[in-house]
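Student: This is work-v9.csv (CSV, C-alpha atoms).
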chain,number,residue,atom,x,y,z
A,1,MET,CA,-7.1,-66.9,14.8
A,2,SER,CA,-7.0,-69.2,17.8
A,3,GLU,CA,-8.2,-67.7,21.1
A,4,ALA,CA,-4.9,-68.6,22.7
A,5,LYS,CA,-3.2,-65.9,20.7
A,6,ARG,CA,-5.7,-63.2,21.6
A,7,ASP,CA,-4.6,-60.8,24.3
A,8,LEU,CA,-7.5,-58.4,23.7
A,9,TYR,CA,-10.8,-59.1,22.0
A,10,ILE,CA,-13.3,-56.3,21.6
A,11,ASP,CA,-16.8,-57.4,20.4
A,12,GLY,CA,-19.4,-54.9,19.3
A,13,LEU,CA,-18.3,-52.3,21.9
A,14,GLY,CA,-20.1,-49.0,22.1
A,15,VAL,CA,-21.2,-46.2,24.4
A,16,ASN,CA,-24.1,-43.7,24.3
A,17,PHE,CA,-23.8,-40.4,26.2
A,18,SER,CA,-27.4,-39.1,26.6
A,19,GLY,CA,-28.3,-39.8,23.0
A,20,PHE,CA,-24.8,-39.2,21.5
A,21,GLN,CA,-23.3,-42.4,20.2
A,22,ALA,CA,-19.6,-41.8,20.8
A,23,VAL,CA,-18.5,-45.3,19.9
A,24,SER,CA,-20.7,-47.8,18.0
A,25,ASN,CA,-20.5,-51.5,17.4
A,26,PHE,CA,-16.7,-51.5,17.4
A,27,SER,CA,-14.8,-54.8,17.2
A,28,MET,CA,-11.1,-55.5,17.2
A,29,VAL,CA,-8.7,-58.5,18.0
A,30,VAL,CA,-5.2,-57.8,19.1
A,31,GLU,CA,-2.7,-60.6,19.2
A,32,HIS,CA,-0.2,-61.4,21.9
A,33,GLY,CA,2.9,-59.2,21.6
A,34,GLU,CA,1.5,-57.0,18.9
A,35,MET,CA,2.0,-53.2,18.6
A,36,ARG,CA,-1.4,-51.9,17.4
A,37,VAL,CA,-1.9,-48.2,16.6
A,38,LEU,CA,-5.3,-46.6,16.7
A,39,LEU,CA,-5.7,-43.7,14.1
A,40,GLY,CA,-8.5,-41.3,13.5
A,41,ALA,CA,-9.3,-37.6,13.5
A,42,ASN,CA,-10.1,-35.8,16.7
A,43,GLY,CA,-13.4,-37.0,18.0
A,44,ALA,CA,-13.2,-40.3,16.2
A,45,GLY,CA,-13.7,-42.2,19.5
A,46,LYS,CA,-10.1,-43.4,20.1
A,47,THR,CA,-9.6,-42.2,23.7
A,48,THR,CA,-13.2,-43.2,24.6
A,49,LEU,CA,-12.5,-46.7,23.4
A,50,MET,CA,-9.4,-46.8,25.5
A,51,ASP,CA,-11.5,-45.5,28.5
A,52,MET,CA,-13.9,-48.4,28.0
A,53,ILE,CA,-11.2,-51.0,27.8
A,54,CYS,CA,-9.7,-49.9,31.1
A,55,GLY,CA,-13.0,-49.4,32.8
A,56,LYS,CA,-12.9,-45.6,33.1
A,57,THR,CA,-16.0,-45.2,31.0
A,58,PRO,CA,-18.7,-47.9,31.2
A,59,SER,CA,-19.8,-49.2,27.8
A,60,THR,CA,-23.5,-49.4,26.9
A,61,GLU,CA,-23.1,-52.3,24.4
A,62,GLY,CA,-20.6,-55.0,23.6
A,63,LYS,CA,-17.9,-56.9,25.5
A,64,VAL,CA,-14.2,-56.7,26.2
A,65,PHE,CA,-12.1,-59.8,26.8
A,66,LEU,CA,-8.6,-60.0,28.2
A,67,GLY,CA,-7.5,-63.4,27.0
A,68,LYS,CA,-10.5,-65.5,28.2
A,69,GLN,CA,-11.5,-63.1,31.0
A,70,ASN,CA,-14.6,-61.0,30.4
A,71,ILE,CA,-13.5,-57.6,31.8
A,72,THR,CA,-16.5,-55.6,30.5
A,73,ASN,CA,-17.4,-52.7,32.8
A,74,LYS,CA,-15.4,-54.0,35.7
A,75,PRO,CA,-14.0,-51.3,38.1
A,76,PRO,CA,-10.7,-49.8,36.8
A,77,HIS,CA,-8.6,-51.2,39.7
A,78,ILE,CA,-9.9,-54.7,39.1
A,79,ILE,CA,-9.1,-54.4,35.3
A,80,ALA,CA,-5.6,-53.2,36.2
A,81,ARG,CA,-5.0,-56.1,38.5
A,82,GLN,CA,-6.2,-58.5,35.8
A,83,GLY,CA,-3.6,-57.2,33.4
A,84,ILE,CA,-4.5,-53.9,31.7
A,85,GLY,CA,-2.0,-51.0,32.1
A,86,ARG,CA,-2.9,-47.5,31.0
A,87,LYS,CA,-0.7,-44.5,30.4
A,88,PHE,CA,-2.5,-41.1,29.8
A,89,GLN,CA,-1.2,-38.2,27.8
A,90,ILE,CA,-0.2,-36.2,30.9
A,91,PRO,CA,2.3,-38.2,32.9
A,92,SER,CA,1.7,-39.0,36.6
A,93,VAL,CA,4.7,-39.8,38.7
A,94,PHE,CA,5.9,-39.2,42.3
A,95,LYS,CA,7.9,-36.0,41.6
A,96,GLU,CA,9.6,-35.9,45.0
A,97,LEU,CA,11.0,-39.5,44.6
A,98,THR,CA,13.9,-40.7,42.5
A,99,VAL,CA,13.4,-42.7,39.4
A,100,LEU,CA,14.4,-45.9,41.2
A,101,GLN,CA,12.0,-45.1,44.0
A,102,ASN,CA,9.2,-44.5,41.6
A,103,LEU,CA,9.8,-47.8,39.9
A,104,SER,CA,10.0,-49.6,43.3
A,105,VAL,CA,6.8,-48.1,44.5
A,106,ALA,CA,5.0,-49.0,41.2
A,107,ALA,CA,6.0,-52.6,41.5
A,108,MET,CA,4.7,-53.0,45.1
A,109,LYS,CA,1.4,-54.7,45.8
A,110,LYS,CA,0.7,-52.7,49.0
A,111,SER,CA,-1.4,-49.5,48.6
A,112,SER,CA,0.7,-47.3,51.0
A,113,VAL,CA,3.6,-45.4,49.4
A,114,PHE,CA,5.6,-45.4,52.7
A,115,ALA,CA,4.9,-49.1,53.3
A,116,ASN,CA,6.2,-49.8,49.8
A,117,LEU,CA,9.4,-47.7,50.4
A,118,GLY,CA,10.1,-49.6,53.6
A,119,SER,CA,9.9,-53.0,52.0
A,120,MET,CA,11.1,-52.4,48.4
A,121,LYS,CA,14.5,-53.9,48.9
A,122,ARG,CA,13.0,-57.2,50.1
A,123,GLN,CA,10.4,-57.5,47.3
A,124,ILE,CA,12.0,-56.1,44.1
A,125,HIS,CA,14.8,-57.9,42.4
A,126,LYS,CA,17.6,-55.4,41.4
A,127,ASP,CA,18.1,-57.0,38.0
A,128,ARG,CA,14.4,-56.4,37.1
A,129,LEU,CA,14.7,-52.7,38.0
A,130,ILE,CA,17.9,-52.3,35.9
A,131,GLU,CA,16.3,-54.1,33.0
A,132,VAL,CA,13.2,-51.8,33.0
A,133,MET,CA,15.4,-48.7,33.3
A,134,GLN,CA,17.5,-49.8,30.3
A,135,LEU,CA,14.4,-50.6,28.3
A,136,THR,CA,13.1,-47.1,28.9
A,137,ASN,CA,16.3,-45.1,28.4
A,138,LEU,CA,16.6,-44.3,32.1
A,139,ASN,CA,19.5,-46.4,33.1
A,140,ASP,CA,21.6,-43.3,34.0
A,141,LYS,CA,18.8,-41.6,35.8
A,142,ALA,CA,18.2,-44.0,38.7
A,143,ASP,CA,19.1,-41.6,41.5
A,144,GLN,CA,17.6,-38.4,39.8
A,145,ILE,CA,14.6,-36.8,41.4
A,146,ALA,CA,11.6,-37.3,39.1
A,147,GLY,CA,10.6,-33.7,39.3
A,148,ASN,CA,13.9,-32.7,37.7
A,149,LEU,CA,13.4,-34.9,34.6
A,150,SER,CA,12.7,-33.5,31.1
A,151,HIS,CA,9.2,-34.0,29.7
A,152,GLY,CA,10.3,-36.9,27.6
A,153,GLU,CA,12.1,-38.6,30.5
A,154,THR,CA,9.0,-38.2,32.6
A,155,GLN,CA,7.0,-39.9,29.9
A,156,TRP,CA,9.5,-42.7,29.9
A,157,LEU,CA,9.4,-43.0,33.6
A,158,GLU,CA,5.6,-43.4,33.7
A,159,LEU,CA,5.9,-46.1,30.9
A,160,ALA,CA,8.6,-47.8,33.0
A,161,MET,CA,6.2,-47.7,36.0
A,162,LEU,CA,3.7,-49.6,33.9
A,163,ILE,CA,6.2,-52.1,32.5
A,164,ILE,CA,7.5,-53.0,36.0
A,165,ARG,CA,4.1,-54.3,36.9
A,166,ASN,CA,4.2,-56.6,33.8
A,167,PRO,CA,0.7,-56.0,32.5
A,168,ALA,CA,-0.6,-58.2,29.6
A,169,VAL,CA,-1.8,-55.2,27.7
A,170,ILE,CA,-0.5,-51.6,27.8
A,171,LEU,CA,-2.7,-48.7,26.5
A,172,LEU,CA,-0.7,-45.6,25.5
A,173,ASP,CA,-2.5,-42.3,24.7
A,174,GLU,CA,-0.2,-40.1,22.5
A,175,PRO,CA,3.1,-41.1,24.1
A,176,THR,CA,5.1,-38.6,22.1
A,177,ALA,CA,3.0,-35.5,22.8
A,178,GLY,CA,5.2,-32.5,23.7
A,179,MET,CA,8.4,-34.4,23.0
A,180,THR,CA,11.4,-33.0,21.1
A,181,ALA,CA,12.4,-34.7,17.8
A,182,ASP,CA,15.2,-36.5,19.6
A,183,GLU,CA,13.0,-37.7,22.4
A,184,THR,CA,10.4,-39.0,19.8
A,185,LEU,CA,13.1,-40.9,18.0
A,186,LYS,CA,14.3,-42.5,21.3
A,187,THR,CA,10.6,-43.3,22.1
A,188,SER,CA,10.2,-45.2,18.8
A,189,ARG,CA,13.3,-47.2,19.8
A,190,ILE,CA,11.8,-48.0,23.2
A,191,MET,CA,8.5,-49.0,21.6
A,192,ASN,CA,10.3,-51.4,19.2
A,193,ASP,CA,12.3,-52.9,22.0
A,194,LEU,CA,9.0,-53.6,23.8
A,195,LYS,CA,7.5,-55.5,20.9
A,196,GLY,CA,6.8,-59.1,21.8
A,197,ARG,CA,7.3,-58.4,25.5
A,198,HIS,CA,4.0,-56.8,25.9
A,199,THR,CA,0.8,-56.3,23.8
A,200,ILE,CA,0.6,-52.5,23.2
A,201,ILE,CA,-2.2,-50.3,21.9
A,202,VAL,CA,-1.1,-46.8,21.0
A,203,VAL,CA,-3.3,-43.7,20.1
A,204,GLU,CA,-1.0,-41.4,18.2
A,205,HIS,CA,-1.2,-38.5,15.6
A,206,ASP,CA,2.5,-38.3,14.7
A,207,MET,CA,2.6,-40.2,11.4
A,208,ALA,CA,6.3,-40.5,11.2
A,209,PHE,CA,6.3,-42.2,14.7
A,210,VAL,CA,3.4,-44.5,13.6
A,211,ARG,CA,5.4,-45.6,10.6
A,212,GLU,CA,8.4,-46.5,12.9
A,213,ILE,CA,6.4,-48.6,15.4
A,214,ALA,CA,3.2,-50.0,14.0
A,215,ASP,CA,2.7,-53.7,13.4
A,216,LYS,CA,-0.9,-53.1,12.4
A,217,ILE,CA,-3.1,-50.0,12.3
A,218,THR,CA,-6.8,-49.8,13.1
A,219,VAL,CA,-8.6,-46.6,11.9
A,220,MET,CA,-11.7,-45.2,13.6
A,221,HIS,CA,-14.1,-42.7,12.1
A,222,GLN,CA,-17.0,-41.1,13.9
A,223,GLY,CA,-17.0,-43.7,16.6
A,224,LYS,CA,-16.9,-46.7,14.2
A,225,PHE,CA,-14.4,-49.1,12.8
A,226,LEU,CA,-13.2,-47.9,9.4
A,227,ALA,CA,-10.3,-50.0,8.3
A,228,GLU,CA,-7.5,-52.2,9.5
A,229,GLY,CA,-4.2,-53.5,8.1
A,230,ARG,CA,-0.5,-52.9,7.6
A,231,ILE,CA,0.8,-49.4,6.9
A,232,SER,CA,0.8,-49.9,3.1
A,233,GLU,CA,-2.7,-51.2,3.2
A,234,ILE,CA,-3.9,-48.2,5.2
A,235,GLU,CA,-2.1,-45.7,3.1
A,236,ASN,CA,-3.8,-47.0,0.0
A,237,ASN,CA,-7.2,-47.4,1.5
A,238,GLN,CA,-9.5,-44.9,-0.3
A,239,ALA,CA,-12.0,-44.6,2.6
A,240,VAL,CA,-9.1,-43.8,5.0
A,241,LYS,CA,-7.7,-41.2,2.6
A,242,GLU,CA,-11.1,-39.5,2.4
A,243,ALA,CA,-11.7,-39.6,6.2
A,244,TYR,CA,-8.3,-39.0,7.6
A,245,LEU,CA,-5.0,-39.2,5.8
A,246,GLY,CA,-5.7,-37.1,2.7
A,247,SER,CA,-3.2,-37.5,-0.1
A,248,GLY,CA,-0.1,-37.4,2.1
A,249,GLY,CA,-0.2,-40.9,3.4
A,250,ILE,CA,1.7,-42.0,6.5
A,251,ALA,CA,4.8,-39.8,6.2
Could the structure of this file be written out as structure tokens, please?
Tutor:
Amino acid sequence: MSEAKRDLYIDGLGVNFSGFQAVSNFSMVVEHGEMRVLLGANGAGKTTLMDMICGKTPSTEGKVFLGKQNITNKPPHIIARQGIGRKFQIPSVFKELTVLQNLSVAAMKKSSVFANLGSMKRQIHKDRLIEVMQLTNLNDKADQIAGNLSHGETQWLELAMLIIRNPAVILLDEPTAGMTADETLKTSRIMNDLKGRHTIIVVEHDMAFVREIADKITVMHQGKFLAEGRISEIENNQAVKEAYLGSGGIA
């Protein structure tokens, strides 16, 4: 694969917590515009890996490249500016502001919320705000206070707040956790609409959702790389069956 097609390159990454090797010698290449899903049992190291990519947890071995930039162990705010966006399982939005105001604040470069609110009309193109709200199923919620949104809508808003900043790579940690079946279905549609627009890495346990969105799956086991491939390849991988999926497959 040519380096120009790589949005994210992880080379031998690992972290040791006082003698406990949480992630060990993990390598992965994610192509531009790809939807990659990370699978593995609880404790496999998926969230720790995401933490190392975004700088929340410093690695003790290996390197992380965003395109040609070495972002290994840089401060989280620097990594974010260079193009890594992270959404955690518990959403974080400005509950007292409207959906539109949340997006406008997220898109600003200034650090002050009030400074952002005062200059949003001059800096944000209305068409871009509408586009992102349509992408995330929030086009009829622009004037609604974020604190009154449903759980699923709040998750979509936080995703929209990432998208509006146009990061090269988006990291999503269990984006459907706590959602209703209908919200999960709508989230899969949102994810598929985002394919090609952003490079996205998703940690998820809902196998039906994984089947709907994944371009390629990487499986972790006990902090190490176990397998990688398309859904059919992962389902039929004996090592993955023994470590994670069992006989049910991705259903």
Student: Which is closer to Gly85 (chain A) than all the others in A:Gly55, A:Gln134, A:Lys46, A:Gln144, using only C-alpha atoms?
Tutor: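 Nearest to Gly85 (chain A): A:Gly55.
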Student: Ranking A:Ile200, A:Val15, A:Ile10, A:Val219 by minimum distance to Met28 (chain A) and counting all atoms listed in the file, which one comes first?
Tutor: A:Ile10
Student: Using only C-alpha atoms, determine which residues lie at most 8 Å from region 71-73 of chain A, disregarding the query and same-chain residues fewer than 5 positions distant; provide the list as a list of chain:residue names.
Tutor: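 Neighbouring residues, sequence-local ones excluded: A:Met52, A:Ile53, A:Gly55, A:Thr57, A:Pro58, A:Ser59, A:Lys63, A:Val64, A:Phe65, A:Leu66, A:Ile79.
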Student: One decimal, in Å: what's the spacing between CA of Ile201 (chain A) and CA of Ile217 (chain A)?
Tutor: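 CA of Ile217 (chain A) lies 9.6 Å from CA of Ile201 (chain A).
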Student: As JSON, numbers by chain, please: the residues near His205 (chain A) (cut-off 12 Å, all atoms listed in the file, same-chain neighbours under 6 positions excluded).
Tutor: {"A": [37, 38, 39, 40, 41, 42, 46, 173, 174, 175, 176, 177, 178, 211, 219, 244, 245, 250, 251]}
Student: Residues within 12 Å of Leu8 (chain A), please, as JSON, numbers by chain. Count only C-alpha atoms; anything in the same chain fewer than 2 positions from it doesn't count.
Tutor: {"A": [3, 4, 5, 6, 10, 11, 27, 28, 29, 30, 31, 32, 33, 34, 35, 36, 50, 53, 54, 63, 64, 65, 66, 67, 68, 69, 70, 71, 72, 83, 84, 168, 169, 170, 171, 198, 199, 200, 201]}
Student: Would you compute the distance between CA of Glu96 (chain A) and CA of Asn137 (chain A)? Give it in Å to one decimal.
Tutor: 20.1 Å
Student: Using all atoms listed in the file, find the one residue out of A:Gly14, A:Thr180, A:Phe26, A:Thr187 that sits nearest to Glu212 (chain A).
Tutor: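 Among the listed residues, the smallest separation from Glu212 (chain A) belongs to A:Thr187.
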Student: Give as an MDAnalysis selection string each residue that has an atom at most 10 Å from (9.5, -48.4, 19.8) in the file, counting only C-alpha atoms.
Tutor: chainID A and resid 35 136 184:195 209:210 212:214
Student: Out of A:Glu131, A:Asp143, A:Glu233, A:Glu242, which residue has the shortest atom-to-atom distance to Gln101 (chain A) when counting only C-alpha atoms?
Tutor: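 Comparing A:Glu131, A:Asp143, A:Glu233, A:Glu242 against Gln101 (chain A), the winner is A:Asp143.
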